[in-house]
file run_2.csv (CSV, C-alpha atoms)
chain,number,residue,atom,x,y,z
B,14,MET,CA,0.0,0.0,0.0
B,15,PRO,CA,1.6,3.4,-1.0
B,16,VAL,CA,2.0,5.7,2.0
B,17,ILE,CA,-0.2,8.4,0.4
B,18,ASP,CA,-3.1,5.9,0.6
B,19,LEU,CA,-3.0,6.1,4.4
B,20,ALA,CA,-4.2,9.7,4.1
B,21,ASN,CA,-7.6,8.2,3.3
B,22,PRO,CA,-9.3,7.7,6.7
B,23,THR,CA,-11.0,4.4,5.7
B,24,ARG,CA,-7.7,2.9,4.6
B,25,PHE,CA,-6.0,4.3,7.7
B,26,LEU,CA,-8.7,2.6,9.9
B,27,ALA,CA,-8.0,-0.7,8.1
B,28,LEU,CA,-4.3,-0.3,8.9
B,29,VAL,CA,-5.0,0.6,12.5
B,30,ASN,CA,-7.1,-2.6,12.9
B,31,ARG,CA,-4.2,-4.7,11.6
B,32,VAL,CA,-1.3,-2.9,13.4
B,33,LEU,CA,-2.9,-2.3,16.8
B,34,PRO,CA,-3.0,-5.9,18.2
B,35,TRP,CA,0.7,-6.3,17.4
B,36,LEU,CA,1.6,-3.0,19.0
B,37,ILE,CA,-0.4,-3.9,22.1
B,38,ALA,CA,1.4,-7.3,22.3
B,39,ALA,CA,4.8,-5.6,21.9
B,40,THR,CA,3.9,-3.1,24.7
B,41,VAL,CA,2.9,-5.9,27.1
B,42,VAL,CA,6.0,-8.0,26.4
B,43,LEU,CA,8.4,-5.0,26.6
B,44,LEU,CA,6.8,-3.7,29.7
B,45,ALA,CA,7.1,-7.1,31.4
B,46,ILE,CA,10.8,-7.4,30.5
B,47,GLY,CA,11.5,-3.7,31.3
B,48,LEU,CA,9.8,-3.9,34.7
B,49,TYR,CA,11.5,-7.2,35.6
B,50,ARG,CA,14.9,-5.7,34.7
B,51,ALA,CA,14.0,-2.5,36.6
B,52,VAL,CA,13.1,-4.3,39.7
B,53,ASN,CA,16.2,-6.4,39.6
B,54,ALA,CA,18.6,-3.6,38.6
B,55,PRO,CA,21.1,-2.5,41.3
B,56,ASP,CA,20.6,0.6,43.4
B,57,ASP,CA,22.5,3.7,42.4
B,58,TYR,CA,25.6,4.4,44.6
B,59,GLN,CA,24.2,7.9,45.4
B,60,GLN,CA,20.5,7.8,44.9
B,61,GLY,CA,19.9,4.3,46.3
B,62,ALA,CA,16.7,2.6,45.3
B,63,THR,CA,15.0,5.9,44.3
B,64,VAL,CA,16.8,5.4,40.9
B,65,LYS,CA,13.9,3.0,40.1
B,66,ILE,CA,11.7,6.1,39.7
B,67,MET,CA,14.0,7.1,36.7
B,68,TYR,CA,12.6,4.1,34.7
B,69,LEU,CA,9.3,5.9,34.6
B,70,HIS,CA,10.3,9.5,34.7
B,71,VAL,CA,12.8,9.5,31.8
B,72,PRO,CA,10.6,7.7,29.2
B,73,ALA,CA,7.6,9.8,30.3
B,74,ALA,CA,9.7,13.0,29.7
B,75,TRP,CA,10.9,11.9,26.3
B,76,LEU,CA,7.4,10.9,25.2
B,77,GLY,CA,5.8,14.1,26.5
B,78,MET,CA,8.2,16.0,24.2
B,79,MET,CA,7.8,13.6,21.3
B,80,GLY,CA,4.0,14.1,21.5
B,81,TRP,CA,4.5,17.8,21.0
B,82,GLY,CA,6.8,17.0,18.0
B,83,ILE,CA,4.0,14.9,16.5
B,84,MET,CA,1.5,17.7,17.1
B,85,ASN,CA,3.9,20.1,15.2
B,86,VAL,CA,4.0,17.9,12.1
B,87,ALA,CA,0.2,17.5,12.4
B,88,ALA,CA,-0.2,21.3,12.7
B,89,LEU,CA,1.6,21.7,9.4
B,90,GLY,CA,-0.7,19.2,7.8
B,91,THR,CA,-3.7,21.2,9.2
B,92,LEU,CA,-2.5,24.6,8.3
B,93,VAL,CA,-0.7,24.0,5.0
B,94,TRP,CA,-2.6,21.0,3.4
B,95,ARG,CA,-5.8,21.3,5.5
B,96,HIS,CA,-5.9,17.5,5.7
B,97,PRO,CA,-8.5,16.1,8.1
B,98,LEU,CA,-6.2,13.3,9.2
B,99,ALA,CA,-3.8,15.9,10.4
B,100,ASP,CA,-6.5,17.4,12.7
B,101,VAL,CA,-7.3,13.9,13.9
B,102,THR,CA,-3.6,13.3,14.7
B,103,GLY,CA,-3.2,16.6,16.6
B,104,LYS,CA,-6.4,16.1,18.6
B,105,ALA,CA,-5.6,12.5,19.5
B,106,THR,CA,-2.0,13.2,20.5
B,107,ALA,CA,-2.7,16.1,22.9
B,108,PRO,CA,-4.3,14.2,25.8
B,109,ILE,CA,-1.8,11.4,25.6
B,110,GLY,CA,1.2,13.8,25.5
B,111,ALA,CA,-0.3,15.8,28.4
B,112,ALA,CA,-0.7,12.5,30.4
B,113,PHE,CA,2.9,11.5,29.8
B,114,THR,CA,4.1,15.0,30.7
B,115,PHE,CA,2.0,14.9,33.9
B,116,VAL,CA,3.6,11.5,34.8
B,117,CYS,CA,7.1,13.0,34.2
B,118,LEU,CA,6.4,16.0,36.5
B,119,VAL,CA,4.8,13.9,39.3
B,120,THR,CA,7.5,11.1,39.3
B,121,GLY,CA,10.2,13.8,39.1
B,122,SER,CA,8.7,15.5,42.1
B,123,LEU,CA,8.5,12.2,44.0
B,124,TRP,CA,12.2,11.6,43.1
B,125,GLY,CA,13.2,15.1,44.1
B,126,ARG,CA,11.9,15.0,47.7
B,127,PRO,CA,14.3,12.3,48.9
B,128,THR,CA,17.1,13.3,46.6
B,129,TRP,CA,17.1,17.1,46.7
B,130,GLY,CA,15.0,17.6,49.9
B,131,THR,CA,12.2,19.3,48.0
B,132,TYR,CA,9.3,18.4,45.8
B,133,TRP,CA,9.7,21.4,43.5
B,134,VAL,CA,12.1,24.2,42.6
B,135,TRP,CA,11.7,26.8,39.9
B,136,ASP,CA,14.6,25.4,38.1
B,137,ALA,CA,14.8,25.9,34.3
B,138,ARG,CA,14.2,22.2,33.4
B,139,LEU,CA,11.3,21.8,35.8
B,140,THR,CA,9.7,25.1,34.8
B,141,SER,CA,10.0,24.4,31.1
B,142,GLU,CA,8.5,21.0,31.6
B,143,LEU,CA,5.6,22.6,33.5
B,144,VAL,CA,5.2,25.1,30.7
B,145,LEU,CA,4.9,22.1,28.3
B,146,LEU,CA,2.0,20.7,30.4
B,147,LEU,CA,0.3,24.1,30.4
B,148,LEU,CA,0.7,24.3,26.7
B,149,TYR,CA,-0.9,20.8,26.3
B,150,LEU,CA,-3.8,22.0,28.4
B,151,GLY,CA,-4.2,25.1,26.3
B,152,VAL,CA,-4.3,23.0,23.1
B,153,LEU,CA,-6.8,20.6,24.7
B,154,SER,CA,-9.1,23.5,25.8
B,155,LEU,CA,-9.0,24.9,22.2
B,156,TYR,CA,-10.0,21.5,20.8
B,157,TRP,CA,-12.7,20.9,23.4
B,158,THR,CA,-14.3,24.3,23.6
B,159,ALA,CA,-14.4,25.5,20.0
B,160,GLU,CA,-17.9,25.5,18.6
B,161,ASP,CA,-16.6,24.9,15.0
B,162,PRO,CA,-14.2,21.9,15.1
B,163,GLY,CA,-12.3,23.3,12.1
B,164,ARG,CA,-11.6,26.6,13.7
B,165,GLY,CA,-10.6,24.9,17.0
B,166,ALA,CA,-8.2,22.6,15.1
B,167,ARG,CA,-6.5,25.6,13.3
B,168,ALA,CA,-6.2,27.6,16.6
B,169,ALA,CA,-4.7,24.5,18.3
B,170,ALA,CA,-2.3,24.0,15.3
B,171,ILE,CA,-1.1,27.6,15.7
B,172,LEU,CA,-0.6,27.2,19.4
B,173,SER,CA,1.3,23.9,19.0
B,174,LEU,CA,3.7,25.6,16.4
B,175,VAL,CA,4.3,28.5,18.8
B,176,GLY,CA,4.9,26.1,21.6
B,177,ALA,CA,7.6,24.3,19.6
B,178,VAL,CA,9.9,27.0,21.0
B,179,ASN,CA,9.7,25.3,24.3
B,180,LEU,CA,11.2,22.0,23.1
B,181,PRO,CA,14.8,23.1,22.7
B,182,ILE,CA,14.4,25.1,25.9
B,183,ILE,CA,13.5,21.8,27.8
B,184,LYS,CA,16.3,19.9,26.0
B,185,PHE,CA,19.1,22.4,26.5
B,186,SER,CA,17.9,24.0,29.8
B,187,VAL,CA,20.5,22.0,31.7
B,188,ASP,CA,23.3,23.3,29.5
B,189,TRP,CA,22.1,26.9,29.2
B,190,TRP,CA,21.4,27.5,32.9
B,191,ASN,CA,22.8,26.4,36.2
B,192,THR,CA,20.1,23.9,37.2
B,193,LEU,CA,19.4,21.7,40.1
B,194,HIS,CA,18.2,19.1,37.6
B,195,GLN,CA,21.1,16.9,36.5
B,196,GLY,CA,22.7,17.4,33.1
B,197,GLU,CA,22.4,15.2,30.1
B,198,SER,CA,23.6,11.7,31.0
B,199,ILE,CA,22.2,9.3,28.4
B,200,PHE,CA,22.6,10.8,24.8
B,201,ARG,CA,25.8,12.8,25.1
B,202,ALA,CA,29.1,13.3,23.3
B,203,GLY,CA,31.5,10.7,24.7
B,204,GLY,CA,28.7,8.2,25.6
B,205,SER,CA,26.3,7.6,28.4
B,206,THR,CA,27.5,8.2,32.0
B,207,ILE,CA,25.0,5.6,33.3
B,208,ASP,CA,26.2,2.1,34.1
B,209,PRO,CA,24.9,-0.6,31.6
B,210,SER,CA,23.1,-2.4,34.5
B,211,ILE,CA,20.9,0.6,34.9
B,212,LEU,CA,21.0,1.9,31.3
B,213,TRP,CA,19.6,-1.2,29.7
B,214,PRO,CA,16.4,-1.5,31.8
B,215,LEU,CA,15.9,2.2,31.2
B,216,LEU,CA,16.2,1.8,27.4
B,217,ILE,CA,13.8,-1.2,27.4
B,218,MET,CA,11.3,0.8,29.5
B,219,ALA,CA,11.6,3.7,27.0
B,220,LEU,CA,10.9,1.3,24.1
B,221,ALA,CA,7.9,-0.1,26.0
B,222,PHE,CA,6.5,3.3,26.8
B,223,THR,CA,7.0,4.3,23.1
B,224,CYS,CA,5.0,1.3,21.9
B,225,LEU,CA,2.4,2.2,24.6
B,226,PHE,CA,2.3,5.8,23.3
B,227,PHE,CA,1.7,4.7,19.7
B,228,ALA,CA,-0.8,2.1,20.6
B,229,LEU,CA,-2.8,4.7,22.6
B,230,LEU,CA,-2.4,7.2,19.7
B,231,LEU,CA,-3.6,4.9,17.0
B,232,ALA,CA,-6.6,3.8,19.2
B,233,ALA,CA,-7.4,7.5,19.9
B,234,MET,CA,-7.1,8.4,16.2
B,235,ARG,CA,-9.5,5.6,15.3
B,236,ASN,CA,-12.0,6.9,17.9
B,237,GLU,CA,-11.7,10.4,16.5
B,238,ILE,CA,-12.3,9.3,12.9
B,239,LEU,CA,-15.4,7.4,14.1
B,240,ARG,CA,-16.6,10.5,16.1
B,241,ARG,CA,-16.3,12.6,12.9
B,242,ARG,CA,-18.3,10.0,11.0
B,243,VAL,CA,-21.0,10.2,13.7
B,244,ARG,CA,-21.0,14.0,13.5
B,245,ALA,CA,-21.3,13.8,9.6
B,246,MET,CA,-24.2,11.3,9.8
B,247,ARG,CA,-26.0,13.4,12.4
B,248,LEU,CA,-25.7,16.5,10.2
B,249,MET,CA,-27.0,14.6,7.2
B,250,GLN,CA,-29.9,13.3,9.4
B,251,ALA,CA,-30.7,16.9,10.5
B,252,GLN,CA,-30.5,18.1,6.9
B,253,SER,CA,-32.9,15.5,5.6
B,254,LEU,CA,-35.3,16.2,8.5
B,255,ALA,CA,-35.2,19.9,7.7
B,256,GLU,CA,-35.8,19.2,4.0
B,257,ALA,CA,-38.8,16.9,4.8
B,258,THR,CA,-40.5,19.5,7.0
B,259,SER,CA,-40.0,22.5,4.6
S,18,MET,CA,13.2,-6.6,47.1
S,19,ASN,CA,14.3,-3.9,49.5
S,20,LEU,CA,13.3,-0.4,48.4
S,21,GLY,CA,15.2,1.3,51.3
S,22,PRO,CA,14.2,4.2,53.4
S,23,HIS,CA,12.4,6.0,50.6
S,24,ALA,CA,10.1,3.2,49.6
S,25,GLU,CA,6.9,5.3,49.8
S,26,PHE,CA,8.2,7.7,47.1
S,27,ILE,CA,9.0,4.8,44.8
S,28,VAL,CA,5.7,3.1,45.3
S,29,ALA,CA,3.8,6.4,44.9
S,30,ALA,CA,5.6,7.1,41.6
S,31,TYR,CA,4.7,3.6,40.2
S,32,ALA,CA,1.1,4.0,41.5
S,33,VAL,CA,0.6,7.4,39.8
S,34,ALA,CA,2.1,6.0,36.5
S,35,LEU,CA,-0.2,2.9,36.7
S,36,PHE,CA,-3.2,5.1,37.4
S,37,VAL,CA,-2.6,7.4,34.5
S,38,VAL,CA,-1.9,4.6,32.0
S,39,ALA,CA,-5.0,2.8,33.2
S,40,ALA,CA,-7.1,6.0,32.8
S,41,LEU,CA,-5.7,6.4,29.2
S,42,VAL,CA,-6.5,2.7,28.3
S,43,ALA,CA,-10.0,3.1,29.8
S,44,TRP,CA,-10.6,6.3,27.9
S,45,VAL,CA,-9.7,4.9,24.5
S,46,THR,CA,-11.5,1.6,25.1
S,47,LEU,CA,-14.8,3.1,26.4
S,48,ASP,CA,-14.7,5.8,23.8
S,49,TYR,CA,-14.3,3.2,21.0
S,50,ALA,CA,-17.3,1.2,22.3
S,51,ALA,CA,-19.4,4.4,22.6
S,52,GLN,CA,-18.6,5.5,19.0
S,53,ARG,CA,-19.2,2.0,17.6
S,54,ARG,CA,-22.6,1.9,19.4
S,55,ILE,CA,-23.7,5.3,18.1
S,56,LEU,CA,-22.6,4.5,14.6
S,57,GLY,CA,-24.5,1.2,14.8
S,58,ASP,CA,-27.7,3.0,16.0
S,59,LEU,CA,-27.5,5.5,13.2
S,60,GLU,CA,-26.9,2.8,10.5
S,61,GLU,CA,-29.9,0.8,11.9
S,62,ARG,CA,-32.0,3.9,11.4
S,63,GLY,CA,-30.9,3.9,7.7
S,64,ILE,CA,-28.5,6.9,8.0
S,65,THR,CA,-25.4,6.2,6.0
S,66,ARG,CA,-22.4,8.4,5.0
S,67,ARG,CA,-22.4,9.8,1.5
S,68,SER,CA,-19.1,8.0,0.7
S,69,ALA,CA,-20.5,4.7,2.1
S,70,ARG,CA,-23.6,5.1,-0.2
S,71,ASP,CA,-21.3,5.9,-3.2
S,72,SER,CA,-19.3,2.7,-2.7
S,73,GLN,CA,-22.4,0.5,-2.6
call {"tool": "encode", "arguments": {"input": "run_2.csv", "output": "structure tokens"}}
result
Amino acid sequence: MPVIDLANPTRFLALVNRVLPWLIAATVVLLAIGLYRAVNAPDDYQQGATVKIMYLHVPAAWLGMMGWGIMNVAALGTLVWRHPLADVTGKATAPIGAAFTFVCLVTGSLWGRPTWGTYWVWDARLTSELVLLLLYLGVLSLYWTAEDPGRGARAAAILSLVGAVNLPIIKFSVDWWNTLHQGESIFRAGGSTIDPSILWPLLIMALAFTCLFFALLLAAMRNEILRRRVRAMRLMQAQSLAEATS
Amino acid sequence: MNLGPHAEFIVAAYAVALFVVAALVAWVTLDYAAQRRILGDLEERGITRRSARDSQ
């Protein structure tokens, strides 16, 4: 099937129905392996057992940012090509990205209390991550409150493109400012500073969370396509009723 | 497994993550069932999409 065919919602739904069971199976298997490895991973020499929070916190942080990146691509599809599947992608991604960002903030806060002695500081990394969550909530409110779904989608697309400025700020905040949050320790020049016994469970959990994210995204996109079909059919029903009574 | 002196923070972090993931799974599952039910009701009443009619 050529990739361009997937722009057709009916063909996209057929693809989702084929891919989703495999994605769910991959998520379950990877989560089982990742959690087993995380439970049995050694404690960190400084953080102790609280390092186990990192297996949730880091993947959630990555996926919160990746969600915004997906929304940016979708926003271009909405504003430049006005493709309905782009609207569907943006609207389906927002709640999932917001949920992962929320998990990142809460787990980070629960890690911070025993490690730093505080749940929260207005540090550049933490603040920019909070801004990401607020941006997600802004996009969601535009989708959910707009009377005309098309206008809501365009407004949300513009906000998501504006909010893209925050992504490099989150990523480089630990380099640009003196932050309490630790610096880059996984993908850095010279290699990761994390011991393989902790790094591998982390990478497996990240892969599991990524499969989970895409499984949820495809399922949410399928729901949104069906919701639009319901709306179109109800409009047709109302139209035919109006014609019959006039 | 010994989670050390900060076990409650570790358990709370995993509980929050589990709750959020469960909420997301419930949301997509229940929403799918609801949309399928509404579509089924509309089709039963003879209402079909234009594109569905064209393809028949």
call {"tool": "atom_distance", "arguments": {"input": "run_2.csv", "atom1": "atom CA of Gly163 of chain B", "atom2": "atom CA of Val93 of chain B"}}
result
13.6 Å
call {"tool": "closest_atom_pairs", "arguments": {"input": "run_2.csv", "of": "chain B", "to": "chain S", "cutoff": "8 Å", "atoms": "only C-alpha atoms", "output": "Markdown table"}}
result
| residue | atom | partner | partner_atom | distance |
| --- | --- | --- | --- | --- |
| B:Val52 | CA | S:Met18 | CA | 7.7 |
| B:Gly61 | CA | S:Gly21 | CA | 7.5 |
| B:Ala62 | CA | S:Leu20 | CA | 5.5 |
| B:Thr63 | CA | S:Ile27 | CA | 6.1 |
| B:Lys65 | CA | S:Ile27 | CA | 7.0 |
| B:Ile66 | CA | S:Ile27 | CA | 5.9 |
| B:Leu69 | CA | S:Ala34 | CA | 7.4 |
| B:Ile109 | CA | S:Leu41 | CA | 7.3 |
| B:Ala112 | CA | S:Val37 | CA | 6.8 |
| B:Val116 | CA | S:Ala34 | CA | 5.9 |
| B:Val119 | CA | S:Ala30 | CA | 7.2 |
| B:Thr120 | CA | S:Ala30 | CA | 5.0 |
| B:Leu123 | CA | S:Phe26 | CA | 5.5 |
| B:Trp124 | CA | S:Phe26 | CA | 6.9 |
| B:Pro127 | CA | S:His23 | CA | 6.8 |
| B:Leu229 | CA | S:Val42 | CA | 7.1 |
| B:Ala232 | CA | S:Val45 | CA | 6.2 |
| B:Ala233 | CA | S:Val45 | CA | 5.8 |
| B:Arg235 | CA | S:Tyr49 | CA | 7.8 |
| B:Asn236 | CA | S:Tyr49 | CA | 5.3 |
| B:Leu239 | CA | S:Gln52 | CA | 6.2 |
| B:Arg240 | CA | S:Gln52 | CA | 6.1 |
| B:Arg242 | CA | S:Arg66 | CA | 7.4 |
| B:Val243 | CA | S:Leu56 | CA | 6.0 |
| B:Ala245 | CA | S:Arg66 | CA | 7.2 |
| B:Met246 | CA | S:Arg66 | CA | 5.9 |
| B:Met249 | CA | S:Ile64 | CA | 7.9 |
| B:Gln250 | CA | S:Ile64 | CA | 6.7 |
call {"tool": "residues_near_point", "arguments": {"input": "run_2.csv", "point": "(2.5, 17.9, 6.7)", "cutoff": "12 Å", "atoms": "all atoms listed in the file", "output": "compact mmCIF listing (two decimals) with C-alpha atoms, in the coordinates of the input"}}
result
# COMPACT_ATOMS: atom_id res chain seq x y z
CA ILE B 17 -0.20 8.40 0.40
CA ALA B 20 -4.20 9.70 4.10
CA ILE B 83 4.00 14.90 16.50
CA MET B 84 1.50 17.70 17.10
CA ASN B 85 3.90 20.10 15.20
CA VAL B 86 4.00 17.90 12.10
CA ALA B 87 0.20 17.50 12.40
CA ALA B 88 -0.20 21.30 12.70
CA LEU B 89 1.60 21.70 9.40
CA GLY B 90 -0.70 19.20 7.80
CA THR B 91 -3.70 21.20 9.20
CA LEU B 92 -2.50 24.60 8.30
CA VAL B 93 -0.70 24.00 5.00
CA TRP B 94 -2.60 21.00 3.40
CA ARG B 95 -5.80 21.30 5.50
CA HIS B 96 -5.90 17.50 5.70
CA PRO B 97 -8.50 16.10 8.10
CA LEU B 98 -6.20 13.30 9.20
CA ALA B 99 -3.80 15.90 10.40
CA ASP B 100 -6.50 17.40 12.70
CA THR B 102 -3.60 13.30 14.70
CA GLY B 103 -3.20 16.60 16.60
CA ALA B 170 -2.30 24.00 15.30
call {"tool": "residues_around", "arguments": {"input": "run_2.csv", "residues": "Ala168 of chain B", "least_positions_apart": "3", "cutoff": "9 Å", "atoms": "only C-alpha atoms", "output": "MDAnalysis selection string"}}
result
chainID B and resid 152 155:156 163:165 171:173
call {"tool": "decode", "arguments": {"input": "run_2.csv", "residues": "segment 18-41 of chain S", "atoms": "N, CA and C atoms", "output": "tab-separated table (two decimals), in the first residue's frame"}}
result
chain	number	residue	atom	x	y	z
S	18	MET	N	12.65	-7.84	47.65
S	18	MET	CA	13.16	-6.57	47.14
S	18	MET	C	13.12	-5.50	48.25
S	19	ASN	N	14.28	-4.91	48.51
S	19	ASN	CA	14.35	-3.88	49.54
S	19	ASN	C	14.41	-2.50	48.88
S	20	LEU	N	13.37	-1.68	49.10
S	20	LEU	CA	13.32	-0.36	48.45
S	20	LEU	C	13.96	0.73	49.32
S	21	GLY	N	14.49	0.34	50.43
S	21	GLY	CA	15.24	1.29	51.25
S	21	GLY	C	14.35	2.26	52.01
S	22	PRO	N	14.95	3.33	52.55
S	22	PRO	CA	14.20	4.25	53.43
S	22	PRO	C	13.19	5.13	52.68
S	23	HIS	N	13.27	5.15	51.34
S	23	HIS	CA	12.36	6.04	50.58
S	23	HIS	C	11.35	5.23	49.76
S	24	ALA	N	11.00	4.06	50.28
S	24	ALA	CA	10.11	3.15	49.55
S	24	ALA	C	8.79	3.82	49.18
S	25	GLU	N	8.25	4.67	50.09
S	25	GLU	CA	6.93	5.26	49.82
S	25	GLU	C	6.96	6.16	48.58
S	26	PHE	N	8.09	6.81	48.31
S	26	PHE	CA	8.19	7.67	47.14
S	26	PHE	C	8.23	6.82	45.86
S	27	ILE	N	8.94	5.69	45.93
S	27	ILE	CA	9.04	4.80	44.76
S	27	ILE	C	7.67	4.19	44.46
S	28	VAL	N	7.02	3.69	45.50
S	28	VAL	CA	5.70	3.06	45.32
S	28	VAL	C	4.70	4.09	44.80
S	29	ALA	N	4.75	5.31	45.34
S	29	ALA	CA	3.82	6.37	44.90
S	29	ALA	C	4.05	6.70	43.43
S	30	ALA	N	5.30	6.76	42.99
S	30	ALA	CA	5.61	7.08	41.59
S	30	ALA	C	5.03	6.01	40.66
S	31	TYR	N	5.22	4.73	41.03
S	31	TYR	CA	4.69	3.65	40.18
S	31	TYR	C	3.16	3.62	40.23
S	32	ALA	N	2.58	3.94	41.37
S	32	ALA	CA	1.11	3.96	41.49
S	32	ALA	C	0.52	5.06	40.61
S	33	VAL	N	1.14	6.24	40.61
S	33	VAL	CA	0.64	7.35	39.79
S	33	VAL	C	0.73	6.98	38.30
S	34	ALA	N	1.88	6.42	37.90
S	34	ALA	CA	2.06	6.04	36.49
S	34	ALA	C	1.03	4.98	36.09
S	35	LEU	N	0.82	4.01	36.97
S	35	LEU	CA	-0.15	2.95	36.67
S	35	LEU	C	-1.56	3.53	36.54
S	36	PHE	N	-1.90	4.45	37.44
S	36	PHE	CA	-3.23	5.07	37.40
S	36	PHE	C	-3.44	5.85	36.10
S	37	VAL	N	-2.42	6.63	35.70
S	37	VAL	CA	-2.56	7.45	34.48
S	37	VAL	C	-2.66	6.56	33.25
S	38	VAL	N	-1.83	5.50	33.18
S	38	VAL	CA	-1.89	4.60	32.02
S	38	VAL	C	-3.24	3.88	31.99
S	39	ALA	N	-3.71	3.44	33.15
S	39	ALA	CA	-5.02	2.76	33.21
S	39	ALA	C	-6.13	3.71	32.76
S	40	ALA	N	-6.04	4.98	33.17
S	40	ALA	CA	-7.06	5.96	32.77
S	40	ALA	C	-7.03	6.15	31.25
S	41	LEU	N	-5.84	6.22	30.66
S	41	LEU	CA	-5.74	6.38	29.20
S	41	LEU	C	-6.32	5.17	28.47
